[in-house]
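Asker: First the structure, which I've put down as structure tokens, then a few questions once you've had a look.
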Amino acid sequence: MGTGEGRVLHRLLRNGNDDRAADASSERPVPPRPSIGLALGGGAARGFAHVGVLRVLEENGIVPDVIVGTSIGAVAGGCYAYNQLDAFEEWARGLNARGVLGYLDVSLGGSGLIRGDRLAKRLEVALGDVTIENLPRHFAAIATELGTGHEIWLTRGRLIHALRASYALPGIFNPIRVGGRWLVDGALVNPVPVSAARALGARLVIAVNLNADLLGHGVTISSHGSDESDALELQSMRERPSGLRNLFNLENLLKRQFIGTAGRPNIAHVMIDAFNIIQDRVTRARLAGDPPDVMISPRLGKVGLFDFHRAKEAIAIGDQAARKAVPDILEALSVLT
């Protein structure tokens, strides 16, 4: 065999080996991506930050297989799971102070200040009669059972009922009856539901804690007492009108009490601040025992709990926090793959 023929034969044999190697390489199974869970925490108006977080995750190809939400986190997560995040965001961005007042259907004979029917009807426009079992993504809403304190994972039945139960803040909204149980806000027992996301099959859990930026919770002030300003406040309270004049247009009066006045906490803030102090303690304890793989903590300390008219700001803050977390999420995915 001549030198030229030998070179041709060598090249054919080498190419054949390369082709077989390429075929073998293409046949190797690609490692499956670990299942991703998203635990969306509660936080009233701060919950609009979840929209910004969800947008950024989706933009970076981080699509959760399991979504678990508490309170406003359940609302955002439920809308996302049903592919209705666009409608939820459009509604949120369109809210103003007057629009928020329009949802305050005051209840004079129920178990909460607000019936919540007007808000529920708005959600039904987007969600209709869809059931959790028929959602394109695995979803659960966290609620608390009155009387027993049971942590309830709502994983079946009408989505709208699950969301109403999960955000039924005690004293503000009426409890919701679901499956024979009276349920209220899930943040009483599991404010950032990492444990539920893991139990429902997520290997990598991303958590969004809306209240991590609230400084001062848990601090002990070891010496405190009354001063001169207390007497002035007492005198001001005594001078306020009372009696029959306060009974006229009672719904407007209750709305003013709901909103509050300068320098004095209103009914809603008293209830929800007390609730959030408890929620903060519960969150710390539960996350210490079962921390997420990646925590997203939007800096929402300046957004009030009832600042629903500041959705654009909250969404932007959520967007910013999620972008900072993306490298950590991608790194965690690469390690687990």
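By order of appearance in the structure tokens: chains A, B, ..., then residues from 1 within every chain, and ligands from 1 in the order shown.
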Could you please write out, as a PyMOL selection string, every residue of region 72-222 of chain A that DSSP assigns to strand (DSSP E)?
Answerer: chain A and resi 112-114+138-145+151-154+171-173+176-178+181-185+204-208
Asker: Could you write those residues out with N, CA, C and O atoms, as a short mmCIF file (atom, residue, chain, number, x, y, z; two decimals), in the first residue's frame?
Answerer:
```cif
data_model
loop_
_atom_site.label_atom_id
_atom_site.label_comp_id
_atom_site.auth_asym_id
_atom_site.auth_seq_id
_atom_site.Cartn_x
_atom_site.Cartn_y
_atom_site.Cartn_z
N GLY A 112 -65.30 39.63 60.96
CA GLY A 112 -64.18 40.49 60.61
C GLY A 112 -64.68 41.85 60.19
O GLY A 112 -65.87 42.03 59.91
N LEU A 113 -63.78 42.83 60.12
CA LEU A 113 -64.17 44.17 59.72
C LEU A 113 -64.59 44.23 58.25
O LEU A 113 -65.44 45.03 57.87
N ILE A 114 -63.99 43.37 57.43
CA ILE A 114 -64.23 43.40 55.99
C ILE A 114 -64.82 42.07 55.54
O ILE A 114 -64.28 41.01 55.87
N HIS A 138 -48.06 22.35 40.07
CA HIS A 138 -48.41 21.84 41.40
C HIS A 138 -48.48 23.02 42.37
O HIS A 138 -47.49 23.74 42.54
N PHE A 139 -49.63 23.22 43.01
CA PHE A 139 -49.84 24.41 43.85
C PHE A 139 -50.50 24.03 45.16
O PHE A 139 -51.32 23.10 45.23
N ALA A 140 -50.15 24.76 46.21
CA ALA A 140 -50.81 24.61 47.50
C ALA A 140 -50.86 25.97 48.19
O ALA A 140 -49.93 26.77 48.09
N ALA A 141 -51.98 26.24 48.86
CA ALA A 141 -52.13 27.45 49.68
C ALA A 141 -52.18 27.03 51.14
O ALA A 141 -52.80 26.02 51.49
N ILE A 142 -51.52 27.81 52.00
CA ILE A 142 -51.45 27.49 53.42
C ILE A 142 -52.50 28.29 54.19
O ILE A 142 -52.62 29.51 54.01
N ALA A 143 -53.25 27.61 55.05
CA ALA A 143 -54.25 28.27 55.90
C ALA A 143 -54.14 27.69 57.31
O ALA A 143 -53.44 26.70 57.55
N THR A 144 -54.86 28.32 58.24
CA THR A 144 -54.87 27.88 59.64
C THR A 144 -56.31 27.60 60.05
O THR A 144 -57.21 28.40 59.78
N GLU A 145 -56.54 26.47 60.70
CA GLU A 145 -57.89 26.15 61.16
C GLU A 145 -58.16 26.79 62.51
O GLU A 145 -57.37 26.64 63.46
N GLU A 151 -52.33 23.39 60.78
CA GLU A 151 -51.82 23.95 59.54
C GLU A 151 -52.46 23.17 58.40
O GLU A 151 -52.30 21.96 58.28
N ILE A 152 -53.19 23.87 57.55
CA ILE A 152 -53.96 23.23 56.48
C ILE A 152 -53.30 23.54 55.13
O ILE A 152 -53.10 24.70 54.79
N TRP A 153 -52.98 22.48 54.39
CA TRP A 153 -52.45 22.64 53.04
C TRP A 153 -53.60 22.41 52.06
O TRP A 153 -54.11 21.30 51.93
N LEU A 154 -54.02 23.46 51.40
CA LEU A 154 -55.13 23.38 50.46
C LEU A 154 -54.57 22.99 49.08
O LEU A 154 -54.00 23.80 48.36
N GLY A 171 -59.76 39.10 62.25
CA GLY A 171 -60.21 40.42 62.68
C GLY A 171 -60.42 41.38 61.54
O GLY A 171 -61.20 42.32 61.65
N ILE A 172 -59.73 41.15 60.41
CA ILE A 172 -59.89 42.01 59.24
C ILE A 172 -60.88 41.37 58.27
O ILE A 172 -61.88 41.97 57.89
N PHE A 173 -60.62 40.13 57.85
CA PHE A 173 -61.52 39.41 56.95
C PHE A 173 -62.26 38.32 57.70
O PHE A 173 -61.74 37.75 58.67
N ILE A 176 -63.10 31.73 56.36
CA ILE A 176 -63.69 31.07 55.19
C ILE A 176 -63.87 29.58 55.50
O ILE A 176 -62.95 28.92 55.99
N ARG A 177 -65.05 29.08 55.21
CA ARG A 177 -65.33 27.66 55.43
C ARG A 177 -64.95 26.87 54.18
O ARG A 177 -65.49 27.10 53.09
N VAL A 178 -64.03 25.95 54.33
CA VAL A 178 -63.57 25.10 53.22
C VAL A 178 -63.55 23.65 53.70
O VAL A 178 -62.87 23.31 54.67
N ARG A 181 -64.19 23.01 57.42
CA ARG A 181 -63.30 23.65 58.41
C ARG A 181 -63.35 25.17 58.24
O ARG A 181 -63.36 25.67 57.11
N TRP A 182 -63.34 25.90 59.36
CA TRP A 182 -63.26 27.35 59.31
C TRP A 182 -61.78 27.74 59.31
O TRP A 182 -61.05 27.43 60.25
N LEU A 183 -61.37 28.44 58.25
CA LEU A 183 -59.95 28.73 58.04
C LEU A 183 -59.66 30.22 58.03
O LEU A 183 -60.50 31.03 57.60
N VAL A 184 -58.45 30.56 58.51
CA VAL A 184 -57.97 31.94 58.47
C VAL A 184 -56.53 31.93 57.92
O VAL A 184 -56.01 30.90 57.50
N ASP A 185 -55.92 33.09 57.96
CA ASP A 185 -54.61 33.32 57.35
C ASP A 185 -53.57 32.26 57.75
O ASP A 185 -53.35 31.99 58.92
N LEU A 204 -35.02 21.60 45.24
CA LEU A 204 -34.41 22.92 45.46
C LEU A 204 -35.53 23.89 45.79
O LEU A 204 -36.46 24.07 45.01
N VAL A 205 -35.46 24.51 46.96
CA VAL A 205 -36.52 25.43 47.39
C VAL A 205 -35.99 26.86 47.43
O VAL A 205 -34.99 27.16 48.08
N ILE A 206 -36.70 27.73 46.70
CA ILE A 206 -36.43 29.17 46.72
C ILE A 206 -37.54 29.82 47.54
O ILE A 206 -38.72 29.61 47.27
N ALA A 207 -37.17 30.58 48.55
CA ALA A 207 -38.16 31.23 49.41
C ALA A 207 -38.12 32.74 49.23
O ALA A 207 -37.05 33.31 48.98
N VAL A 208 -39.28 33.36 49.35
CA VAL A 208 -39.37 34.82 49.29
C VAL A 208 -39.98 35.30 50.61
O VAL A 208 -41.15 35.06 50.89
#
```
Asker: Do a neighbour search on region 284-300 of chain A at 9 Å with only C-alpha atoms, toss out local chain neighbours closer than 5 positions, and write the hits as a ChimeraX atom specification.
Answerer: /A:39,46,49,53,190-195,204-214,279,314,317-322,324-325,328-329,332
Asker: Please, could you write that set of residues out with N, CA and C atoms as a CSV table (one decimal), in the first residue's frame?
Answerer:
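See part19.csv below for the written result:
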```csv
chain,number,residue,atom,x,y,z
A,39,ALA,N,-41.5,29.0,47.6
A,39,ALA,CA,-42.3,29.3,48.8
A,39,ALA,C,-42.5,30.8,48.9
A,46,ARG,N,-47.1,44.3,50.7
A,46,ARG,CA,-45.7,44.0,50.2
A,46,ARG,C,-45.7,42.8,49.3
A,49,ALA,N,-44.5,42.5,45.6
A,49,ALA,CA,-43.1,42.2,45.2
A,49,ALA,C,-42.9,40.8,44.6
A,53,VAL,N,-40.4,39.2,41.5
A,53,VAL,CA,-39.6,38.0,41.6
A,53,VAL,C,-40.0,37.0,40.6
A,190,ASN,N,-47.4,29.2,59.3
A,190,ASN,CA,-46.3,28.9,58.4
A,190,ASN,C,-46.2,30.1,57.4
A,191,PRO,N,-45.5,31.2,57.9
A,191,PRO,CA,-45.5,32.4,57.1
A,191,PRO,C,-44.7,32.3,55.8
A,192,VAL,N,-43.7,31.5,55.8
A,192,VAL,CA,-42.9,31.3,54.5
A,192,VAL,C,-42.8,29.8,54.4
A,193,PRO,N,-43.7,29.2,53.6
A,193,PRO,CA,-43.9,27.7,53.6
A,193,PRO,C,-42.8,26.9,52.9
A,194,VAL,N,-41.6,27.0,53.4
A,194,VAL,CA,-40.5,26.1,52.9
A,194,VAL,C,-40.8,24.7,53.1
A,195,SER,N,-41.2,24.3,54.3
A,195,SER,CA,-41.5,22.9,54.6
A,195,SER,C,-42.5,22.3,53.7
A,204,LEU,N,-35.0,21.6,45.2
A,204,LEU,CA,-34.4,22.9,45.5
A,204,LEU,C,-35.5,23.9,45.8
A,205,VAL,N,-35.5,24.5,47.0
A,205,VAL,CA,-36.5,25.4,47.4
A,205,VAL,C,-36.0,26.9,47.4
A,206,ILE,N,-36.7,27.7,46.7
A,206,ILE,CA,-36.4,29.2,46.7
A,206,ILE,C,-37.5,29.8,47.5
A,207,ALA,N,-37.2,30.6,48.5
A,207,ALA,CA,-38.2,31.2,49.4
A,207,ALA,C,-38.1,32.7,49.2
A,208,VAL,N,-39.3,33.4,49.3
A,208,VAL,CA,-39.4,34.8,49.3
A,208,VAL,C,-40.0,35.3,50.6
A,209,ASN,N,-39.2,36.0,51.4
A,209,ASN,CA,-39.6,36.5,52.7
A,209,ASN,C,-39.8,38.0,52.6
A,210,LEU,N,-41.0,38.4,52.7
A,210,LEU,CA,-41.4,39.8,52.4
A,210,LEU,C,-41.1,40.7,53.7
A,211,ASN,N,-40.9,40.1,54.8
A,211,ASN,CA,-40.8,40.9,56.1
A,211,ASN,C,-39.4,40.8,56.7
A,212,ALA,N,-38.4,40.4,55.9
A,212,ALA,CA,-37.0,40.3,56.4
A,212,ALA,C,-36.5,41.7,56.7
A,213,ASP,N,-37.0,42.8,56.1
A,213,ASP,CA,-36.5,44.1,56.2
A,213,ASP,C,-37.1,44.9,57.4
A,214,LEU,N,-38.0,44.2,58.1
A,214,LEU,CA,-38.7,44.9,59.2
A,214,LEU,C,-37.8,44.9,60.5
A,279,GLN,N,-46.0,36.7,63.4
A,279,GLN,CA,-45.5,36.1,62.2
A,279,GLN,C,-44.0,36.2,62.1
A,314,ALA,N,-43.4,48.2,44.9
A,314,ALA,CA,-43.1,46.9,45.4
A,314,ALA,C,-42.7,45.9,44.4
A,317,ILE,N,-39.0,46.5,43.6
A,317,ILE,CA,-38.2,46.0,44.7
A,317,ILE,C,-38.0,44.5,44.6
A,318,GLY,N,-39.1,43.8,44.3
A,318,GLY,CA,-39.0,42.4,44.1
A,318,GLY,C,-38.1,42.0,42.9
A,319,ASP,N,-38.3,42.7,41.9
A,319,ASP,CA,-37.4,42.5,40.7
A,319,ASP,C,-35.9,42.7,41.0
A,320,GLN,N,-35.6,43.7,41.8
A,320,GLN,CA,-34.2,44.0,42.1
A,320,GLN,C,-33.7,42.9,43.0
A,321,ALA,N,-34.4,42.4,44.0
A,321,ALA,CA,-34.0,41.4,44.9
A,321,ALA,C,-33.8,40.1,44.2
A,322,ALA,N,-34.7,39.7,43.3
A,322,ALA,CA,-34.6,38.5,42.5
A,322,ALA,C,-33.3,38.5,41.6
A,324,LYS,N,-30.5,39.8,42.1
A,324,LYS,CA,-29.3,39.6,42.9
A,324,LYS,C,-29.2,38.1,43.3
A,325,ALA,N,-30.4,37.4,43.4
A,325,ALA,CA,-30.4,36.0,43.8
A,325,ALA,C,-30.2,35.0,42.7
A,328,ASP,N,-27.0,32.8,42.6
A,328,ASP,CA,-27.1,31.7,43.6
A,328,ASP,C,-28.0,30.6,43.3
A,329,ILE,N,-29.1,30.9,42.6
A,329,ILE,CA,-30.0,29.9,42.2
A,329,ILE,C,-29.4,29.0,41.1
A,332,ALA,N,-26.8,26.8,42.6
A,332,ALA,CA,-27.4,25.7,43.4
A,332,ALA,C,-28.0,24.6,42.4
```
Asker: Tell me which protein, DNA and RNA residues are within 9 Å of region 72-87 of chain A, counting only C-alpha atoms, leaving out same-chain ones fewer than 3 positions away, and put them as a VMD selection string.
Answerer: chain A and resid 38 to 48 50 to 51 54 67 to 69 90 to 92 123 126 to 127 130 132 134 to 142 159 to 160 162 to 164 166 to 167 192 208
Asker: Extract, using only C-alpha atoms, all DNA, RNA and protein residues at most 10 Å from Arg98 (chain A), discarding same-chain residues fewer than 4 positions from it, and format them as JSON, numbers by chain.
Answerer: {"A": [102, 103, 309]}
Asker: When DSSP is applied to the backbone of this structure, which of region 35-162 of chain A are assigned helix (DSSP H, G or I)? Write them out as a ChimeraX atom specification.
Answerer: /A:44-59,72-81,85-93,97-101,117-127,132-134,159-162
